[in-house]
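Report on one structure; see the data block that follows.
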2 protein chains.
Amino acid sequence: MPARSQGRATIRDVAARAGVSFKSVSNVVNNHPFVSEDMRQKVQQAIAELGYRPHSVARNLANRRSNMLGLVLRASSTDAQADPFLTQFLLGACAVAGAQGFGMMVRILLTDEPILRYADLFDHQQVDGLMIFSPRIDDAEGDGDGDGQDHDLPAVRIGRAGTGTNALAVDGDDEQGAFAAVSHLATLGHKRIGMVANANLSYTVSVTRVQGYRQALQAHGIPFDERLLTVGQFTRQSGQDSMARLLDIDEPPSAVFISSDRMALGAMRAARDRGLRIPEDIAIVGYDDLFVAEHTNPPLTTVRAPIDAISQCATNMLIEAIRGGKRIGSRQIILPTELIVRQSCGAKAATSYA
Amino acid sequence: MPARSQGRATIRDVAARAGVSFKSVSNVVNNHPFVSEDMRQKVQQAIAELGYRPHSVARNLANRRSNMLGLVLRASSTDAQADPFLTQFLLGACAVAGAQGFGMMVRILLTDEPILRYADLFDHQQVDGLMIFSPRIDDAEGDGDGDGQDHDLPAVRIGRAGTGTNALAVDGDDEQGAFAAVSHLATLGHKRIGMVANANLSYTVSVTRVQGYRQALQAHGIPFDERLLTVGQFTRQSGQDSMARLLDIDEPPSAVFISSDRMALGAMRAARDRGLRIPEDIAIVGYDDLFVAEHTNPPLTTVRAPIDAISQCATNMLIEAIRGGKRIGSRQIILPTELIVRQSCGAKAATSYA
DNA sequence: CTGAAAGCGCTTACAG
DNA sequence: CTGAAAGCGCTTACAG
């Protein structure tokens with residue numbers, strides 16, 4: 001092969017081989033209009049013969065585009081909960097991005113690190129847009145991505161929208177999910193329905209679920225009793241403690257909505273510690289549909305977020321924003337969640353294995 | 001700020017501001033030796049004032065390096081099992097890479113896709129090295145990354161080494177893990193110890209665990225009985241079926257090592273279906289230490305792979321190979337696994353919650 | 001539709 | 001230790 005002795009074939013090599021100018025090679029590689037079929041064929045053949053592959057770095061420099069999406073993951077020690085969704089999210093996002101010619105570069109941000117502008121996690125022009133995945137993190141903190149800068153990147157947040165100018169966001173409908181969970185309980189005849197919130201009410205992810213809870217109560221004509229609402233902090237232990245507290249009040253609940261599966265594990269434990277049978281003595285609904293939910297005893301009824309839809313939607317939105325130019329305005333998309341009925345509430349379960 | 005009216009500050013702007021040549025700026029940015037303290041300060045100040053950030057794309061083009069690691073993930077529908085490790089692996093790898101100035105670009109490869117050279121998943125010079133994560137996939141297939149090409153990238157495989165020339169690989173010590181699991185059973189007095197392999201024996205990940213099983217038997221003077229060895233195929237259902245088969249033979253086992261937690265879930269179900277108590281009537285050990293293992297009834301004794309150590313080791317090895325130049329030769333590192341004793345074998349558990 | 005030019009922002013050899 | 005040059009591989013305007 002008469003390619004260069006060193007390194008891969010370059011656009012010039014292809015041009016020489018095909019007997020055309022290298023501009024023409026660029027044209028066909030980039031699928032420009034108005035290239036004659038003849039030219040295309042000649043070039044394509046030379047490309048094949050030389051095993052030419054475009055040099056993306058050079059291309060990016062000239063283009064002022066990187067065809068890269070930057071995914072920033074906020075992980076935290078207290079919050080392993082987010083992890084189970086992460087892989088699934090990543091898979092979906094990479095697939096969509098790849099199909100549209102974008103690569104994915106990921107950056108981890110530990111919560112304890114100081115929060116800077118997310119864009120600063122990447123070099124200048126290293127990515128064309130940002131996906132910010134931090135669904136279970138304190139939103140107040142999370143909003144520290146100063147917009148207002150001149151050359152802000154398009155960004156989409158997974159979770160609730162930040163305060164930025166170009167706020168794009170995609171999330172599951174937590175309110176509706178909580179509503180469905182609690183309605184399920186009410187429909188089964190429960191009147192004393194407690195709730196263990198997954199976090200204190202400075203977290204929007206906690207607030208929306210509480211709202212769904214209250215709306216469901218209202219829809220079913222059940223008065224809200226604040227003694228029935230307690231608050232945990234993500235961990236299983238806090239679920240156990242919160243449940244114990246709920247069980248200790250006068251007129252304890254006959255059913256409890258715990259807005260986190262992880263915490264529901266603790267809650268089930270607390271119930272069992274008192275000799276309460278699930279669901280006969282106490283009905284329980286969780287939230288998240290972790291893998292473990294199917295394997296608890298009894299299998300846990302819970303709410304599942306539409307991770308695949310979220311990842312696809314977010315990726316498409318971001319790419320659209322990148323292609324569409326600077327200001328798309330803000331947009332927030334909320335996707336419906338699904339109640340997975342198993343056996344922890346006493347309803348006959350549609351899906352059941354364990 | 002006298003920066004350019006358009007775009008970010010460039011190296012020239014910094015030079016102008018600091019009153020030096022832009023070569024000097026490059027020098028300090030790249031931490032070259034022999035820059036006077038005075039120069040460094042002037043430049044650094046100008047950088048700060050202008051908010052200059054190096055343009056990585058341009059730098060990469062000039063450098064012929066991208067400072068990027070390419071992570072290819074082989075996912076498969078039948079193999080959700082790999083997922084739980086993925087997030088943890090990704091976190092570890094990104095952290096190490098980031099600390100050494102490397103970004104991470106990820107590419108998903110679905111198993112059903114044709115297997116090409118892994119390097120072809122990336123553009124030319126888009127990444128400096130490859131991490132290949134596909135621990136639970138048929139190894140025969142996985143080896144289809146033709147080495148032998150001229151400009152092969154350094155690559156490290158998570159799992160057993162491929163056949164390539166530059167074969168770097170890191171893995172957990174499955175043999176030792178299986179050995180520990182089965183020895184645990186033997187130590188508790190079991191003589192009839194069965195095994196359900198996680199996959200048929202064309203998968204090395206299955207073979208090594210079987211080897212550990214046999215070695216442990218031998219070490220404890222227990223003869224190998226092939227009727228006690230059965231083979232599943234990753235799924236929970238196959239674990240259930242395999243266990244049922246084992247329970248049906250004459251002289252059934254009093255303890256079983258199931259080399260996959262997912263399958264152990266099915267196995268526990270099969271045991272319970274026959275009214276067998278765990279661990280009184282039948283002891284069970286799993287493999288993987290999925291999150292669910294802590295929450296089964298009873299909590300599952302199992303083997304945990306050193307994911308963090310693997311991710312860190314693999315990333316460091318790869319970066320070393322990148323920095324060290326072409327041929328490092330092949331190297332395979334096997335890291336020790338850990339037996340997590342819970343309650344499914346009747347041993348007093350050190351760690352116990354659920 | 002196709003050439004020769006200039007440039008993306010930076011870096012590595014090259015003389016001073 | 002510091003300048004002016006050439007180049008990384010490609011692309012966008014520019015004339016033909």
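Just remember, in the structure tokens the first chain shown is A, the second B, etc., residues are 1-based per chain, and ligands are 1-based in the order shown.
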
Q: Grab the Cα RMSD for chain A fitted onto chain B, all atoms paired in sequence order, one decimal please.
A: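 C-alpha RMSD, chain A fitted to chain B: 0.2 Å.
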
Report the closest atom pair, with its distance in Å rounded to one decimal, for each residue of chain B that has an atom no farther than 10 Å from chain D; count only C-alpha atoms (C1' of nucleotides), sort by chain and then rising residue number, and write it as CSV.
residue,atom,partner,partner_atom,distance
B:Val20,CA,D:DT2,C1',8.9
B:Ser21,CA,D:DG3,C1',7.2
B:Phe22,CA,D:DG3,C1',9.6
B:Lys23,CA,D:DT2,C1',8.3
B:Ser24,CA,D:DT2,C1',7.6
B:Pro33,CA,D:DC1,C1',10.0
B:Phe34,CA,D:DC1,C1',6.7
B:Val35,CA,D:DC1,C1',7.0
B:Ser36,CA,D:DC1,C1',7.9
B:Ala58,CA,D:DC8,C1',8.6
B:Arg59,CA,D:DC8,C1',9.2
B:Asn60,CA,D:DC8,C1',8.5
B:Leu61,CA,D:DC8,C1',5.1
B:Ala62,CA,D:DC8,C1',4.6
B:Asn63,CA,D:DC8,C1',7.4
B:Arg64,CA,D:DC8,C1',7.2

Let's have the selection written as a PDB file, in the first residue's frame, with C-alpha atoms.
ATOM      1  CA  VAL B  20       5.897  37.413  26.801  1.00  0.00           C
ATOM      2  CA  SER B  21       5.971  35.142  23.813  1.00  0.00           C
ATOM      3  CA  PHE B  22       3.260  32.552  23.576  1.00  0.00           C
ATOM      4  CA  LYS B  23       5.850  29.835  23.650  1.00  0.00           C
ATOM      5  CA  SER B  24       6.523  30.863  27.196  1.00  0.00           C
ATOM      6  CA  PRO B  33      11.443  22.713  33.423  1.00  0.00           C
ATOM      7  CA  PHE B  34      13.617  25.794  33.379  1.00  0.00           C
ATOM      8  CA  VAL B  35      10.951  28.422  33.503  1.00  0.00           C
ATOM      9  CA  SER B  36      11.944  31.231  35.800  1.00  0.00           C
ATOM     10  CA  ALA B  58      -5.735  21.879  19.609  1.00  0.00           C
ATOM     11  CA  ARG B  59      -3.354  20.534  22.139  1.00  0.00           C
ATOM     12  CA  ASN B  60      -4.238  16.992  21.225  1.00  0.00           C
ATOM     13  CA  LEU B  61      -3.702  17.623  17.567  1.00  0.00           C
ATOM     14  CA  ALA B  62      -0.245  19.017  18.116  1.00  0.00           C
ATOM     15  CA  ASN B  63       0.607  16.383  20.694  1.00  0.00           C
ATOM     16  CA  ARG B  64      -0.700  13.403  18.879  1.00  0.00           C
TER      17      ARG B  64
END

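Note that the spacing between CA of Gly129 (chain B) and CA of Arg107 (chain B) amounts to 13.0 Å.
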
Against chain B, which residues of chain A fall within 7 Å? For each one I want the closest pair of atoms and the distance in Å (one decimal), counting only C-alpha atoms, rows by chain and increasing residue number, as a Markdown table.
| residue | atom | partner | partner_atom | distance |
| --- | --- | --- | --- | --- |
| A:Arg53 | CA | B:His124 | CA | 6.3 |
| A:Pro54 | CA | B:His124 | CA | 6.6 |
| A:His55 | CA | B:His124 | CA | 5.2 |
| A:Ser56 | CA | B:Asp123 | CA | 5.9 |
| A:Val57 | CA | B:Leu61 | CA | 5.9 |
| A:Ala58 | CA | B:Leu61 | CA | 6.0 |
| A:Asn60 | CA | B:Val57 | CA | 6.9 |
| A:Leu61 | CA | B:Val57 | CA | 5.9 |
| A:Asp83 | CA | B:Thr87 | CA | 6.3 |
| A:Pro84 | CA | B:Pro84 | CA | 6.8 |
| A:Leu86 | CA | B:Thr87 | CA | 6.6 |
| A:Thr87 | CA | B:Thr87 | CA | 5.9 |
| A:Leu91 | CA | B:Ile108 | CA | 6.7 |
| A:Cys94 | CA | B:Ile108 | CA | 6.5 |
| A:Ala95 | CA | B:Ile108 | CA | 6.9 |
| A:Met104 | CA | B:Met105 | CA | 5.6 |
| A:Met105 | CA | B:Met105 | CA | 4.3 |
| A:Val106 | CA | B:Met104 | CA | 5.8 |
| A:Arg107 | CA | B:Cys94 | CA | 6.7 |
| A:Ile108 | CA | B:Cys94 | CA | 6.5 |
| A:Asp123 | CA | B:Ser56 | CA | 5.9 |
| A:His124 | CA | B:His55 | CA | 5.2 |
| A:Gln125 | CA | B:His55 | CA | 6.8 |
| A:Gln126 | CA | B:Ser56 | CA | 6.5 |
| A:Arg269 | CA | B:Ala354 | CA | 6.9 |
| A:Val292 | CA | B:Val292 | CA | 5.0 |
| A:His295 | CA | B:Thr296 | CA | 6.8 |
| A:Thr296 | CA | B:Thr296 | CA | 6.5 |
| A:Ala354 | CA | B:Arg269 | CA | 6.9 |

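The two atoms in question, CA of Gln41 (chain A) and CA of Tyr118 (chain B), are spaced 27.3 Å apart.
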
(Q) I'd like to know which residues of region 88-242 of chain B are alpha helix (DSSP H) (by DSSP, run on the backbone); could you write them as a count of residues only? (A) 53

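Relative to CA of Val29 (chain B), CA of Gly51 (chain B) is found at 13.2 Å.
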
**Q.** Picked from region 266-305 of chain B by DSSP as strand (DSSP E or B), as number ranges by chain
**A.** B: 283-285, 301-304

Kindly save the residues from that selection, with all heavy atoms included, as an mmCIF file, in the first residue's frame.
data_model
loop_
_atom_site.group_PDB
_atom_site.id
_atom_site.type_symbol
_atom_site.label_atom_id
_atom_site.label_comp_id
_atom_site.auth_asym_id
_atom_site.auth_seq_id
_atom_site.Cartn_x
_atom_site.Cartn_y
_atom_site.Cartn_z
ATOM 1 N N ALA B 283 -27.534 -25.859 53.004
ATOM 2 C CA ALA B 283 -26.719 -24.641 53.084
ATOM 3 C C ALA B 283 -26.446 -24.139 51.670
ATOM 4 O O ALA B 283 -26.308 -24.931 50.740
ATOM 5 C CB ALA B 283 -25.404 -24.935 53.796
ATOM 6 N N ILE B 284 -26.384 -22.831 51.527
ATOM 7 C CA ILE B 284 -26.196 -22.247 50.194
ATOM 8 C C ILE B 284 -25.156 -21.137 50.229
ATOM 9 O O ILE B 284 -25.167 -20.292 51.125
ATOM 10 C CB ILE B 284 -27.536 -21.696 49.657
ATOM 11 C CG1 ILE B 284 -28.483 -22.865 49.354
ATOM 12 C CG2 ILE B 284 -27.337 -20.816 48.441
ATOM 13 C CD1 ILE B 284 -29.806 -22.457 48.768
ATOM 14 N N VAL B 285 -24.255 -21.161 49.263
ATOM 15 C CA VAL B 285 -23.329 -20.044 49.070
ATOM 16 C C VAL B 285 -23.483 -19.541 47.653
ATOM 17 O O VAL B 285 -23.606 -20.340 46.718
ATOM 18 C CB VAL B 285 -21.855 -20.463 49.248
ATOM 19 C CG1 VAL B 285 -20.954 -19.232 49.234
ATOM 20 C CG2 VAL B 285 -21.650 -21.230 50.529
ATOM 21 N N THR B 301 -24.707 -15.908 52.102
ATOM 22 C CA THR B 301 -23.247 -15.950 52.131
ATOM 23 C C THR B 301 -22.758 -16.026 50.690
ATOM 24 O O THR B 301 -23.296 -16.795 49.892
ATOM 25 C CB THR B 301 -22.773 -17.181 52.921
ATOM 26 O OG1 THR B 301 -23.096 -16.994 54.302
ATOM 27 C CG2 THR B 301 -21.264 -17.369 52.788
ATOM 28 N N THR B 302 -21.760 -15.225 50.372
ATOM 29 C CA THR B 302 -21.381 -15.128 48.962
ATOM 30 C C THR B 302 -19.951 -14.611 48.806
ATOM 31 O O THR B 302 -19.287 -14.298 49.788
ATOM 32 C CB THR B 302 -22.386 -14.222 48.219
ATOM 33 O OG1 THR B 302 -22.122 -14.256 46.822
ATOM 34 C CG2 THR B 302 -22.287 -12.788 48.700
ATOM 35 N N VAL B 303 -19.496 -14.529 47.588
ATOM 36 C CA VAL B 303 -18.126 -14.104 47.303
ATOM 37 C C VAL B 303 -18.143 -12.752 46.609
ATOM 38 O O VAL B 303 -18.906 -12.543 45.670
ATOM 39 C CB VAL B 303 -17.416 -15.127 46.389
ATOM 40 C CG1 VAL B 303 -15.994 -14.664 46.089
ATOM 41 C CG2 VAL B 303 -17.412 -16.501 47.036
ATOM 42 N N ARG B 304 -17.329 -11.869 47.087
ATOM 43 C CA ARG B 304 -17.304 -10.521 46.527
ATOM 44 C C ARG B 304 -16.010 -10.269 45.771
ATOM 45 O O ARG B 304 -14.916 -10.490 46.284
ATOM 46 C CB ARG B 304 -17.430 -9.506 47.670
ATOM 47 C CG ARG B 304 -17.377 -8.052 47.203
ATOM 48 C CD ARG B 304 -17.226 -7.126 48.374
ATOM 49 N NE ARG B 304 -18.415 -7.173 49.233
ATOM 50 C CZ ARG B 304 -18.472 -6.639 50.451
ATOM 51 N NH1 ARG B 304 -17.425 -6.016 50.960
ATOM 52 N NH2 ARG B 304 -19.564 -6.725 51.161
#

**Q.** Near-Thr230 (chain B) list (9 Å; only C-alpha atoms (C1' of nucleotides); drop same-chain fewer than 3 positions) as a list of chain:residue names
**A.**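 Skipping anything fewer than 3 positions along the chain leaves B:Gly194, B:Met195, B:Val196, B:Ala197, B:Glu226, B:Arg227, B:Ser242, B:Met243, B:Arg245, B:Leu246.
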
Same residues, N, CA and C atoms, saved as a tab-separated table (two decimals), in the first residue's frame:
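Okay, this is what ended up in again27.tsv:
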chain	number	residue	atom	x	y	z
B	194	GLY	N	-22.75	-29.83	46.59
B	194	GLY	CA	-23.04	-29.70	45.17
B	194	GLY	C	-22.59	-28.36	44.63
B	195	MET	N	-22.59	-28.27	43.30
B	195	MET	CA	-22.30	-26.97	42.69
B	195	MET	C	-23.22	-26.74	41.51
B	196	VAL	N	-23.72	-25.52	41.43
B	196	VAL	CA	-24.40	-25.09	40.21
B	196	VAL	C	-23.49	-24.06	39.56
B	197	ALA	N	-22.92	-24.40	38.43
B	197	ALA	CA	-22.04	-23.46	37.73
B	197	ALA	C	-22.88	-22.39	37.06
B	226	GLU	N	-19.55	-36.37	40.03
B	226	GLU	CA	-20.01	-35.51	38.94
B	226	GLU	C	-21.52	-35.30	38.94
B	227	ARG	N	-22.23	-36.17	39.62
B	227	ARG	CA	-23.68	-35.94	39.69
B	227	ARG	C	-24.01	-34.69	40.52
B	242	SER	N	-31.70	-25.87	38.11
B	242	SER	CA	-30.50	-26.65	38.43
B	242	SER	C	-30.56	-27.18	39.85
B	243	MET	N	-31.00	-26.32	40.75
B	243	MET	CA	-31.10	-26.72	42.14
B	243	MET	C	-32.10	-27.87	42.27
B	245	ARG	N	-32.84	-30.07	40.14
B	245	ARG	CA	-32.21	-31.28	39.63
B	245	ARG	C	-31.29	-31.90	40.69
B	246	LEU	N	-30.52	-31.04	41.33
B	246	LEU	CA	-29.58	-31.50	42.34
B	246	LEU	C	-30.31	-32.15	43.51

Q: Please identify all polymer residues within 10 Å of Ile319 (chain A), counting only C-alpha atoms (C1' of nucleotides), omitting same-chain residues fewer than 2 positions from it, and present them as a PyMOL selection string.
A: chain A and resi 67-69+96-97+100-102+128-130+154-156+314-317+321-324

Selected residues written out, N, CA, C and O atoms, as a short mmCIF file (atom, residue, chain, number, x, y, z; two decimals), in the first residue's frame:
data_model
loop_
_atom_site.label_atom_id
_atom_site.label_comp_id
_atom_site.auth_asym_id
_atom_site.auth_seq_id
_atom_site.Cartn_x
_atom_site.Cartn_y
_atom_site.Cartn_z
N ASN A 67 -18.32 16.90 18.75
CA ASN A 67 -19.19 15.74 18.62
C ASN A 67 -19.10 14.83 19.84
O ASN A 67 -19.12 13.62 19.75
N MET A 68 -18.99 15.49 20.95
CA MET A 68 -18.92 14.79 22.22
C MET A 68 -19.95 15.37 23.17
O MET A 68 -20.10 16.59 23.25
N LEU A 69 -20.57 14.47 23.90
CA LEU A 69 -21.44 14.90 24.97
C LEU A 69 -20.70 14.68 26.28
O LEU A 69 -20.03 13.67 26.45
N VAL A 96 -28.22 6.30 22.07
CA VAL A 96 -28.82 7.39 21.30
C VAL A 96 -27.73 8.32 20.75
O VAL A 96 -27.73 8.69 19.58
N ALA A 97 -26.79 8.67 21.60
CA ALA A 97 -25.72 9.57 21.17
C ALA A 97 -24.94 8.96 20.02
O ALA A 97 -24.70 9.60 19.00
N GLN A 100 -26.38 9.11 16.67
CA GLN A 100 -26.40 10.43 16.06
C GLN A 100 -25.00 10.99 15.88
O GLN A 100 -24.81 12.18 15.65
N GLY A 101 -24.02 10.13 16.01
CA GLY A 101 -22.66 10.56 15.74
C GLY A 101 -21.98 11.27 16.89
O GLY A 101 -20.97 11.93 16.70
N PHE A 102 -22.51 11.12 18.08
CA PHE A 102 -21.87 11.74 19.23
C PHE A 102 -21.25 10.69 20.15
O PHE A 102 -21.82 9.63 20.36
N ASP A 128 -19.59 19.28 23.36
CA ASP A 128 -20.54 20.23 22.76
C ASP A 128 -21.74 20.50 23.65
O ASP A 128 -22.50 21.43 23.41
N GLY A 129 -21.92 19.65 24.64
CA GLY A 129 -23.08 19.83 25.50
C GLY A 129 -22.93 18.97 26.75
O GLY A 129 -22.08 18.09 26.80
N LEU A 130 -23.77 19.24 27.72
CA LEU A 130 -23.63 18.61 29.03
C LEU A 130 -24.89 17.85 29.43
O LEU A 130 -26.00 18.36 29.28
N PRO A 154 -24.89 24.10 25.94
CA PRO A 154 -26.24 23.56 26.16
C PRO A 154 -26.12 22.46 27.20
O PRO A 154 -25.15 21.71 27.21
N ALA A 155 -27.10 22.40 28.07
CA ALA A 155 -27.04 21.40 29.13
C ALA A 155 -28.42 20.86 29.43
O ALA A 155 -29.40 21.60 29.40
N VAL A 156 -28.49 19.58 29.70
CA VAL A 156 -29.75 19.01 30.14
C VAL A 156 -29.51 18.32 31.47
O VAL A 156 -28.51 17.64 31.67
N ALA A 314 -33.58 12.77 27.11
CA ALA A 314 -32.58 13.76 27.51
C ALA A 314 -31.49 13.89 26.44
O ALA A 314 -31.07 15.00 26.09
N THR A 315 -31.06 12.76 25.93
CA THR A 315 -29.99 12.79 24.94
C THR A 315 -30.46 13.47 23.66
O THR A 315 -29.77 14.31 23.09
N ASN A 316 -31.64 13.13 23.24
CA ASN A 316 -32.17 13.76 22.04
C ASN A 316 -32.35 15.26 22.21
O ASN A 316 -32.02 16.05 21.33
N MET A 317 -32.85 15.64 23.36
CA MET A 317 -33.05 17.07 23.63
C MET A 317 -31.73 17.81 23.55
O MET A 317 -31.63 18.90 22.99
N ALA A 321 -30.53 20.68 20.97
CA ALA A 321 -30.09 22.00 21.43
C ALA A 321 -28.74 22.36 20.83
O ALA A 321 -28.50 23.50 20.42
N ILE A 322 -27.86 21.38 20.76
CA ILE A 322 -26.54 21.62 20.19
C ILE A 322 -26.66 22.00 18.72
O ILE A 322 -26.06 22.96 18.25
N ARG A 323 -27.46 21.26 18.03
CA ARG A 323 -27.61 21.52 16.59
C ARG A 323 -28.39 22.80 16.33
O ARG A 323 -28.16 23.50 15.35
N GLY A 324 -29.31 23.09 17.21
CA GLY A 324 -30.20 24.22 16.99
C GLY A 324 -29.56 25.57 17.30
O GLY A 324 -30.14 26.60 17.05
#

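Near Asn200 (chain A), within a cut-off of 8 Å and counting only C-alpha atoms (C1' of nucleotides), sit the residues Ala197, Tyr203, Ser206, Val231, Gly232 and Gln233 of chain A, with same-chain residues fewer than 3 positions away left out.
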